[in-house]
$ cat data-v6.txt   # compact mmCIF, C-alpha atoms
# COMPACT_ATOMS: atom_id res chain seq x y z
CA MET A 1 -7.00 -5.71 5.99
CA ASP A 2 -9.58 -3.32 7.37
CA GLY A 3 -11.63 -2.93 4.19
CA LEU A 4 -11.77 -1.77 0.60
CA ASP A 5 -10.66 1.60 -0.79
CA ALA A 6 -11.76 2.77 -4.21
CA ALA A 7 -11.29 5.96 -6.20
CA VAL A 8 -12.17 7.35 -9.61
CA ALA A 9 -9.94 9.74 -11.56
CA GLU A 10 -9.65 11.28 -15.00
CA PHE A 11 -6.38 10.88 -16.92
CA GLU A 12 -4.98 12.49 -20.01
CA TRP A 13 -1.61 13.04 -21.61
CA ASP A 14 -0.21 16.55 -21.18
CA GLY A 15 2.67 16.48 -23.63
CA ALA A 16 4.99 13.77 -22.33
CA ALA A 17 3.50 13.93 -18.81
CA VAL A 18 0.34 12.36 -17.41
CA ALA A 19 -2.28 14.60 -15.81
CA MET A 20 -4.57 13.09 -13.18
CA SER A 21 -7.69 14.70 -11.71
CA PRO A 22 -8.85 12.90 -8.55
CA LEU A 23 -12.66 12.85 -8.55
CA ARG A 24 -14.00 10.72 -5.72
CA HIS A 25 -12.86 8.26 -3.06
CA ILE A 26 -14.90 5.85 -0.94
CA GLU A 27 -14.01 3.33 1.78
CA ARG A 28 -15.92 0.28 2.96
CA PRO A 29 -14.89 -1.64 6.08
CA TRP A 30 -15.01 -5.41 5.94
CA PRO A 31 -17.82 -7.06 7.90
CA ASP A 32 -16.42 -8.48 11.15
CA GLU A 33 -16.71 -12.07 9.90
CA VAL A 34 -14.81 -11.38 6.66
CA ARG A 35 -12.10 -9.45 8.51
CA ALA A 36 -11.65 -12.33 10.95
CA ARG A 37 -11.45 -14.84 8.10
CA LEU A 38 -8.85 -12.71 6.27
CA HIS A 39 -6.64 -12.49 9.32
CA ALA A 40 -7.02 -16.23 9.89
CA SER A 41 -5.98 -16.88 6.28
CA LEU A 42 -2.52 -15.49 7.05
CA GLY A 43 -1.85 -18.72 8.96
CA PRO A 44 -2.62 -22.33 8.09
CA THR A 45 -5.70 -22.44 5.89
CA THR A 46 -7.35 -24.51 3.16
CA ALA A 47 -7.84 -24.22 -0.58
CA ALA A 48 -11.59 -24.09 0.03
CA GLU A 49 -11.24 -21.10 2.37
CA LEU A 50 -8.99 -19.22 -0.06
CA CYS A 51 -11.43 -19.94 -2.90
CA GLN A 52 -14.36 -18.61 -0.89
CA LEU A 53 -12.49 -15.48 0.18
CA ASP A 54 -11.37 -14.90 -3.42
CA GLN A 55 -15.01 -14.80 -4.51
CA LEU A 56 -16.22 -12.73 -1.54
CA ILE A 57 -13.58 -10.07 -2.10
CA GLY A 58 -14.23 -10.07 -5.83
CA GLN A 59 -17.95 -9.60 -5.25
CA ALA A 60 -17.38 -6.80 -2.72
CA SER A 61 -14.98 -5.12 -5.14
CA ALA A 62 -17.55 -5.36 -7.92
CA GLU A 63 -20.23 -3.76 -5.74
CA LEU A 64 -17.89 -0.89 -4.84
CA ALA A 65 -16.82 -0.38 -8.45
CA THR A 66 -20.42 0.07 -9.59
CA GLU A 67 -20.75 3.00 -7.15
CA LEU A 68 -18.00 4.89 -9.00
CA LEU A 69 -19.33 4.51 -12.54
CA PRO A 70 -19.22 5.79 -15.24
CA ALA A 71 -15.66 4.80 -16.12
CA ASP A 72 -13.70 3.41 -19.06
CA PHE A 73 -11.89 0.65 -17.17
CA VAL A 74 -11.40 -0.67 -13.65
CA VAL A 75 -8.20 -1.60 -11.81
CA SER A 76 -8.36 -4.06 -8.93
CA HIS A 77 -5.39 -4.75 -6.70
CA GLY A 78 -7.10 -7.32 -4.49
CA GLN A 79 -6.30 -8.20 -0.88
CA THR A 80 -2.75 -9.38 -0.27
CA VAL A 81 -2.66 -12.50 1.91
CA HIS A 82 0.92 -13.62 1.24
CA HIS A 83 4.15 -12.13 -0.09
CA TRP A 84 6.73 -14.89 -0.55
CA VAL A 85 10.35 -13.81 -0.09
CA HIS A 86 13.16 -16.35 0.18
CA ASP A 87 16.81 -15.38 0.72
CA ARG A 88 15.96 -11.77 -0.11
CA LYS A 89 14.42 -12.77 -3.46
CA ALA A 90 10.69 -12.28 -4.05
CA MET A 91 9.33 -15.60 -5.28
CA GLY A 92 5.62 -14.87 -5.51
CA THR A 93 2.68 -12.93 -4.18
CA LEU A 94 -0.99 -13.71 -3.67
CA GLN A 95 -3.85 -11.21 -3.82
CA LEU A 96 -7.44 -12.38 -3.42
CA GLY A 97 -10.39 -10.84 -5.28
CA GLN A 98 -11.60 -12.60 -8.44
CA PRO A 99 -11.78 -9.86 -11.13
CA ALA A 100 -14.44 -11.71 -13.15
CA TRP A 101 -17.07 -10.46 -10.70
CA ILE A 102 -16.07 -6.86 -11.48
CA VAL A 103 -16.24 -7.47 -15.23
CA GLU A 104 -19.67 -9.06 -14.86
CA ALA A 105 -21.03 -6.23 -12.71
CA THR A 106 -19.63 -3.32 -14.73
CA GLY A 107 -19.19 -4.69 -18.26
CA LEU A 108 -15.79 -2.95 -18.31
CA PRO A 109 -12.26 -4.26 -18.87
CA VAL A 110 -10.46 -4.90 -15.58
CA VAL A 111 -6.72 -4.67 -14.93
CA SER A 112 -5.65 -6.97 -12.09
CA ASP A 113 -2.71 -9.01 -10.77
CA VAL A 114 -0.45 -5.96 -11.05
CA ARG A 115 2.48 -7.32 -9.03
CA ALA A 116 3.18 -10.72 -10.60
CA ARG A 117 4.97 -9.63 -13.79
CA ASP A 118 7.54 -7.61 -11.85
CA ILE A 119 8.30 -10.60 -9.62
CA ALA A 120 8.60 -12.91 -12.65
CA ALA A 121 11.13 -10.45 -14.10
CA GLY A 122 13.25 -10.55 -10.95
CA GLY A 123 11.76 -7.60 -9.07
CA HIS A 124 9.98 -7.55 -5.73
CA GLY A 125 6.54 -6.57 -6.97
CA ALA A 126 6.49 -4.16 -4.04
CA PRO A 127 6.21 -1.43 -3.22
CA LEU A 128 4.36 -0.20 -6.28
CA ALA A 129 3.97 3.31 -4.88
CA GLY A 130 7.32 4.28 -6.40
CA ILE A 131 5.67 4.41 -9.84
CA LEU A 132 3.50 7.34 -8.79
CA ASP A 133 5.98 8.91 -6.35
CA ASP A 134 8.83 9.20 -8.83
CA LEU A 135 6.67 10.93 -11.45
CA TRP A 136 4.99 13.15 -8.85
CA LEU A 137 7.87 14.34 -6.64
CA ARG A 138 10.65 14.94 -9.15
CA GLY A 139 12.47 18.22 -8.55
CA ASP A 140 15.69 19.91 -7.50
CA HIS A 141 15.82 18.32 -4.03
CA THR A 142 15.70 14.82 -2.63
CA ARG A 143 12.21 14.02 -1.42
CA ALA A 144 10.68 10.91 0.04
CA ALA A 145 7.16 9.55 -0.11
CA LEU A 146 5.98 7.52 2.87
CA ASN A 147 2.97 5.23 2.72
CA LEU A 148 1.69 4.07 6.10
CA GLY A 149 -0.34 1.00 5.26
CA GLY A 150 -0.16 -2.31 7.10
CA ILE A 151 3.46 -2.37 5.95
CA ALA A 152 5.22 0.99 5.66
CA ASN A 153 7.01 1.72 2.41
CA VAL A 154 9.06 4.62 1.12
CA THR A 155 10.18 6.00 -2.21
CA ILE A 156 13.29 8.19 -2.35
CA VAL A 157 13.16 10.54 -5.33
CA ARG A 158 16.56 12.10 -6.12
CA PRO A 159 17.50 14.64 -8.78
CA GLY A 160 19.07 12.96 -11.78
CA ARG A 161 19.10 9.48 -10.23
CA PRO A 162 16.73 6.51 -10.33
CA PRO A 163 14.23 6.31 -7.49
CA ILE A 164 14.61 3.79 -4.69
CA ALA A 165 11.46 2.17 -3.31
CA PHE A 166 11.29 -0.40 -0.52
CA ASP A 167 9.34 -1.59 2.51
CA THR A 168 10.72 -0.28 5.78
CA GLY A 169 8.83 -2.71 8.02
CA PRO A 170 5.57 -2.54 9.98
CA GLY A 171 3.30 0.43 9.47
CA ASN A 172 -0.08 -0.26 11.03
CA CYS A 173 -0.08 -4.07 11.01
CA LEU A 174 1.41 -4.66 14.48
CA LEU A 175 -0.58 -1.78 15.96
CA ASP A 176 -3.83 -3.20 14.60
CA GLU A 177 -2.96 -6.73 15.70
CA ALA A 178 -2.13 -5.53 19.21
CA ALA A 179 -5.38 -3.55 19.44
CA ARG A 180 -7.39 -6.51 18.18
CA ARG A 181 -5.81 -9.00 20.59
CA THR A 182 -5.82 -6.78 23.69
CA THR A 183 -9.05 -4.81 23.31
CA GLY A 184 -11.14 -6.69 20.74
CA GLN A 185 -11.23 -3.57 18.55
CA PRO A 186 -9.89 -3.55 14.98
CA GLN A 187 -7.53 -0.65 15.71
CA ASP A 188 -6.38 1.86 18.31
CA LYS A 189 -8.78 4.61 17.22
CA ASP A 190 -6.98 7.95 16.92
CA GLY A 191 -3.98 6.44 18.71
CA ARG A 192 -5.66 7.12 22.07
CA LEU A 193 -4.28 4.08 23.88
CA ALA A 194 -0.75 4.62 22.57
CA ALA A 195 -0.89 8.27 23.64
CA ARG A 196 -1.61 7.19 27.23
CA GLY A 197 1.16 4.61 27.34
CA GLU A 198 4.93 4.58 27.77
CA PRO A 199 7.23 2.67 25.41
CA ASP A 200 8.89 -0.34 26.96
CA ALA A 201 12.62 -0.02 26.30
CA ALA A 202 13.42 -3.74 26.57
CA LEU A 203 10.65 -4.80 24.18
CA LEU A 204 11.52 -2.02 21.75
CA GLU A 205 15.17 -3.09 21.70
CA ASP A 206 14.15 -6.69 21.05
CA LEU A 207 11.82 -5.70 18.21
CA LEU A 208 14.46 -3.48 16.60
CA ASP A 209 16.80 -6.48 16.50
CA ASP A 210 14.80 -8.02 13.63
CA PRO A 211 17.32 -8.72 10.83
CA TYR A 212 15.01 -7.26 8.18
CA TYR A 213 15.89 -3.72 9.22
CA ALA A 214 19.58 -4.25 8.47
CA LEU A 215 18.96 -5.44 4.91
CA ALA A 216 19.91 -3.02 2.14
CA PRO A 217 17.20 -2.01 -0.35
CA PRO A 218 15.57 -3.04 -2.58
CA LYS A 219 13.62 -5.24 -0.18
CA SER A 220 10.02 -6.13 0.56
CA THR A 221 8.13 -7.83 3.34
CA GLY A 222 4.64 -8.53 4.63
CA ARG A 223 2.45 -9.65 7.50
CA GLU A 224 3.78 -13.19 7.16
CA HIS A 225 7.05 -11.80 8.61
CA PHE A 226 5.84 -9.00 10.88
CA HIS A 227 3.30 -10.34 13.35
CA LEU A 228 3.10 -10.65 17.11
CA GLY A 229 3.75 -13.93 18.81
CA GLU A 230 3.00 -14.33 22.51
CA LEU A 231 1.94 -10.97 23.89
CA PRO A 232 4.34 -9.42 26.42
CA ASP A 233 3.21 -8.69 29.97
CA LEU A 234 2.37 -5.05 29.28
CA SER A 235 -0.76 -2.95 29.43
CA PRO A 236 -2.45 -2.34 26.08
CA GLU A 237 -1.39 1.31 26.38
CA ASP A 238 2.30 0.52 26.86
CA LEU A 239 2.30 -2.16 24.17
CA LEU A 240 0.77 0.20 21.62
CA ALA A 241 3.11 3.03 22.62
CA THR A 242 6.05 0.68 22.05
CA LEU A 243 4.80 -0.44 18.64
CA THR A 244 4.16 3.18 17.64
CA GLU A 245 7.78 3.99 18.42
CA LEU A 246 8.89 0.91 16.47
CA THR A 247 7.20 2.12 13.28
CA ALA A 248 8.46 5.70 13.68
CA ILE A 249 12.05 4.69 14.45
CA THR A 250 12.33 2.16 11.64
CA VAL A 251 10.90 4.58 9.07
CA ALA A 252 13.22 7.37 10.20
CA ASP A 253 16.25 5.07 10.26
CA ALA A 254 15.46 3.81 6.75
CA LEU A 255 15.39 7.40 5.42
CA ALA A 256 18.35 8.76 7.37
CA ALA A 257 20.99 7.93 4.76
CA TYR A 258 19.10 9.90 2.09
CA ALA A 259 18.44 13.05 4.16
CA PRO A 260 15.25 14.02 2.31
CA ALA A 261 14.26 17.67 2.40
CA GLU A 262 10.61 16.62 2.61
CA VAL A 263 8.77 13.41 3.49
CA VAL A 264 5.29 13.32 1.97
CA ALA A 265 3.10 10.95 4.00
CA SER A 266 -0.10 9.15 3.08
CA GLY A 267 -2.03 6.03 3.99
CA GLY A 268 -4.21 5.01 6.90
CA GLY A 269 -1.47 5.61 9.45
CA VAL A 270 -1.63 9.38 9.01
CA ARG A 271 -5.02 9.24 10.78
CA ASN A 272 -3.26 8.04 13.94
CA PRO A 273 -2.20 11.21 15.83
CA ALA A 274 0.21 9.28 18.07
CA LEU A 275 2.04 7.79 15.10
CA HIS A 276 1.93 11.06 13.18
CA ALA A 277 3.49 12.89 16.15
CA ALA A 278 6.19 10.24 16.59
CA LEU A 279 7.16 10.56 12.91
CA GLN A 280 7.01 14.35 12.96
CA ARG A 281 9.54 14.42 15.80
CA ARG A 282 12.01 12.65 13.53
CA LEU A 283 11.23 13.71 9.96
CA PRO A 284 10.35 16.82 7.87
CA LEU A 285 6.84 15.46 7.44
CA THR A 286 4.05 16.83 5.26
CA LEU A 287 0.81 15.19 4.12
CA SER A 288 0.08 14.33 0.50
CA ASP A 289 -3.12 16.41 0.77
CA GLU A 290 -0.90 19.50 0.70
CA ARG A 291 0.22 18.44 -2.79
CA GLY A 292 -3.28 17.74 -4.07
CA LEU A 293 -3.51 14.00 -3.45
CA PRO A 294 -5.79 12.86 -0.59
CA ALA A 295 -3.69 10.99 1.98
CA GLN A 296 -6.39 8.38 2.61
CA ALA A 297 -6.86 7.69 -1.09
CA LYS A 298 -3.34 7.68 -2.48
CA GLU A 299 -3.10 3.90 -2.89
CA ALA A 300 -6.41 3.80 -4.74
CA TYR A 301 -5.25 6.57 -7.09
CA LEU A 302 -1.95 4.72 -7.52
CA MET A 303 -3.91 1.71 -8.80
CA ALA A 304 -5.82 3.94 -11.20
CA LEU A 305 -2.52 5.32 -12.54
CA ILE A 306 -1.08 1.82 -12.97
CA GLY A 307 -4.20 0.81 -14.87
CA PHE A 308 -3.98 3.85 -17.15
CA LEU A 309 -0.33 3.07 -17.90
CA ALA A 310 -1.10 -0.62 -18.42
CA CYS A 311 -3.82 0.21 -20.95
CA HIS A 312 -1.29 2.41 -22.77
CA GLN A 313 1.18 -0.49 -22.57
CA VAL A 314 3.81 1.59 -20.76
CA PRO A 315 6.65 -0.60 -19.46
CA LEU A 316 7.43 -0.15 -15.75
CA LEU A 317 9.78 -1.36 -12.99
CA THR A 318 11.96 -4.43 -13.56
CA GLY A 319 12.58 -5.17 -17.19
CA PRO A 320 10.77 -2.83 -17.67
CA HIS A 321 7.51 -4.58 -18.52
CA VAL A 322 3.81 -3.73 -18.76
CA LEU A 323 2.20 -4.63 -15.43
CA GLY A 324 -1.05 -6.47 -14.84
CA ARG A 325 -3.39 -8.65 -16.82
CA ILE A 326 -6.50 -7.39 -18.56
CA SER A 327 -9.86 -9.14 -18.44
CA PRO A 328 -11.90 -7.84 -21.42
CA GLY A 329 -15.32 -6.32 -20.78
CA ASP A 330 -18.52 -6.70 -22.77
CA ALA A 331 -17.26 -4.66 -25.74
CA PRO A 332 -14.36 -5.79 -27.94
CA LEU A 333 -11.08 -4.83 -26.28
CA ALA A 334 -9.31 -1.95 -28.03
CA LEU A 335 -6.15 -0.56 -26.47
CA PRO A 336 -4.52 2.79 -27.29
CA ARG A 337 -1.20 2.88 -29.11
CA ARG A 338 1.73 1.98 -26.95
CA ALA A 339 3.14 5.05 -25.17
CA ALA A 340 6.58 5.89 -23.83
CA PRO A 341 7.07 6.19 -20.07
CA PRO A 342 5.78 9.60 -18.91
CA THR A 343 8.13 12.34 -17.78
CA GLY A 344 6.02 13.44 -14.85
CA LEU A 345 2.65 13.36 -13.10
CA LEU A 346 0.50 16.48 -12.78
CA ILE A 347 -2.23 16.50 -10.12
CA ARG A 348 -5.09 18.70 -11.23
CA PRO A 349 -8.19 19.73 -9.32
CA ALA A 350 -11.41 18.16 -10.56

$ encode --input "data-v6.txt" --output "structure tokens"
Amino acid sequence: MDGLDAAVAEFEWDGAAVAMSPLRHIERPWPDEVRARLHASLGPTTAAELCQLDQLIGQASAELATELLPADFVVSHGQTVHHWVHDRKAMGTLQLGQPAWIVEATGLPVVSDVRARDIAAGGHGAPLAGILDDLWLRGDHTRAALNLGGIANVTIVRPGRPPIAFDTGPGNCLLDEAARRTTGQPQDKDGRLAARGEPDAALLEDLLDDPYYALAPPKSTGREHFHLGELPDLSPEDLLATLTELTAITVADALAAYAPAEVVASGGGVRNPALHAALQRRLPLTLSDERGLPAQAKEAYLMALIGFLACHQVPLLTGPHVLGRISPGDAPLALPRRAAPPTGLLIRPA
């Protein structure tokens, strides 16, 4: 919930595989007022507030999209404010960011609402990263992709077997909430406070007792489940050190049964040296940059890939079904012929 990420890429079919050339990535932090309103919307709110935020995020997304033109189409994920799971079944999800503003600003078709169809078909609608990870990391050894967003998610890619993708628990969300509530800052910049603290064993044990961690995949979660209640009587340094260990331990425990030869990490959390070090002590960690995909931009490029596959009407995930809905642009909408699911993803330099 820190801001908007956007990226532009070129795609083409290379035989039965898809080739992607990452071109450019930009980030824009939310203004303080919008960030505060987004965090407040995770609790009790009103239809009027959600409507206003939907338009504000759509307008901000449209402004960012125009900076990356020219393009053939735009994909907008929106800002997740609720992921509804009941008795382990995903019942719905809500992302804010009205795509009509993007269509109006760019004149291009916009793919949006990319999670809902999977949930309607009985899936979790999350994590979506497995779409890219499975195509990208296929090989002779078991590998895992780790995305350190607000919620951490992993994809296990195994030779000759279907991939497994699921949320492991908190990535940055508890760290950011703790920093915001104890220091007034949106995050623990560079993990400096956590690096000066000591994990509190009693609090860590209590946090690890959350029943979500014991659930078998597939599973998904969100900030509506993982948030801090009353703050413990700890220094900001010790609290953040404890929460850093929580993320690292729960990610490592989630991957232990699969014994991946390599864990390819991406997402905002890789910029936190304290978290990166805690994970590196437990996992054979590399960064996605080493495989040609910028770690800070992977989610944005994932959305671009999903949009490319949606425009080619490639069925994905549960069902499988084509994901997303398309808002036509100014020109008559003409989609390519329906394509079969690709056999791999090639990352090419621009």

$ residues_around --input "data-v6.txt" --residues "Gln187 (chain A)" --least-positions-apart "4" --cutoff "8 Å" --atoms "only C-alpha atoms" --output "count of residues only"
5

$ axis_aligned_box --input "data-v6.txt" --around "region 142-152 of chain A" --padding-each-side "5 Å" --output "lines of an AutoDock Vina configuration file"
center_x = 7.7
center_y = 6.2
center_z = 2.2
size_x = 26.0
size_y = 27.2
size_z = 19.7

$ closest_residue --input "data-v6.txt" --among "A:Gln313, A:Ser288, A:Thr106, A:Thr244" --to "Trp136 (chain A)" --atoms "only C-alpha atoms"
A:Ser288

$ residues_around --input "data-v6.txt" --residues "Ala297 (chain A)" --least-positions-apart "4" --cutoff "9 Å" --atoms "all atoms listed in the file" --output "VMD selection string"
chain A and resid 5 to 7 25 to 27 266 to 268 293 301 to 302

$ residues_around --input "data-v6.txt" --residues "Ile306 (chain A)" --least-positions-apart "2" --cutoff "9 Å" --atoms "only C-alpha atoms" --output "list in words"
Val75, Val111, Val114, Leu128, Ile131, Leu132, Tyr301, Leu302, Met303, Ala304, Phe308, Leu309, Ala310, Cys311, Leu323 and Gly324 of chain A

$ atom_distance --input "data-v6.txt" --atom1 "CA of Ile57 (chain A)" --atom2 "CA of His124 (chain A)"
24.0 Å

$ residues_around --input "data-v6.txt" --residues "Ala350 (chain A)" --least-positions-apart "6" --cutoff "9 Å" --atoms "all atoms listed in the file" --output "list in words"
Ala9, Glu10, Met20, Ser21, Pro22 and Leu23 of chain A

$ residues_around --input "data-v6.txt" --residues "Cys173 (chain A)" --least-positions-apart "6" --cutoff "9 Å" --atoms "all atoms listed in the file" --output "list of chain:residue names"
A:Met1, A:Gly149, A:Gly150, A:Ile151, A:Arg223, A:Phe226, A:His227

$ write_last_selection --input "data-v6.txt" --atoms "C-alpha atoms" --output "mmCIF file, in the coordinates of the input"
data_model
loop_
_atom_site.group_PDB
_atom_site.id
_atom_site.type_symbol
_atom_site.label_atom_id
_atom_site.label_comp_id
_atom_site.auth_asym_id
_atom_site.auth_seq_id
_atom_site.Cartn_x
_atom_site.Cartn_y
_atom_site.Cartn_z
ATOM 1 C CA MET A 1 -7.000 -5.710 5.990
ATOM 2 C CA GLY A 149 -0.340 1.000 5.260
ATOM 3 C CA GLY A 150 -0.160 -2.310 7.100
ATOM 4 C CA ILE A 151 3.460 -2.370 5.950
ATOM 5 C CA ARG A 223 2.450 -9.650 7.500
ATOM 6 C CA PHE A 226 5.840 -9.000 10.880
ATOM 7 C CA HIS A 227 3.300 -10.340 13.350
#

$ residues_near_point --input "data-v6.txt" --point "(4.6, 1.3, -6.9)" --cutoff "10 Å" --atoms "only C-alpha atoms" --output "PyMOL selection string"
chain A and resi 114-115+125-134+153-155+165-166+299+302-303+305-306+316-317

$ closest_residue --input "data-v6.txt" --among "A:Gly344, A:Pro162, A:Pro29, A:Pro236" --to "Arg192 (chain A)" --atoms "only C-alpha atoms"
A:Pro236
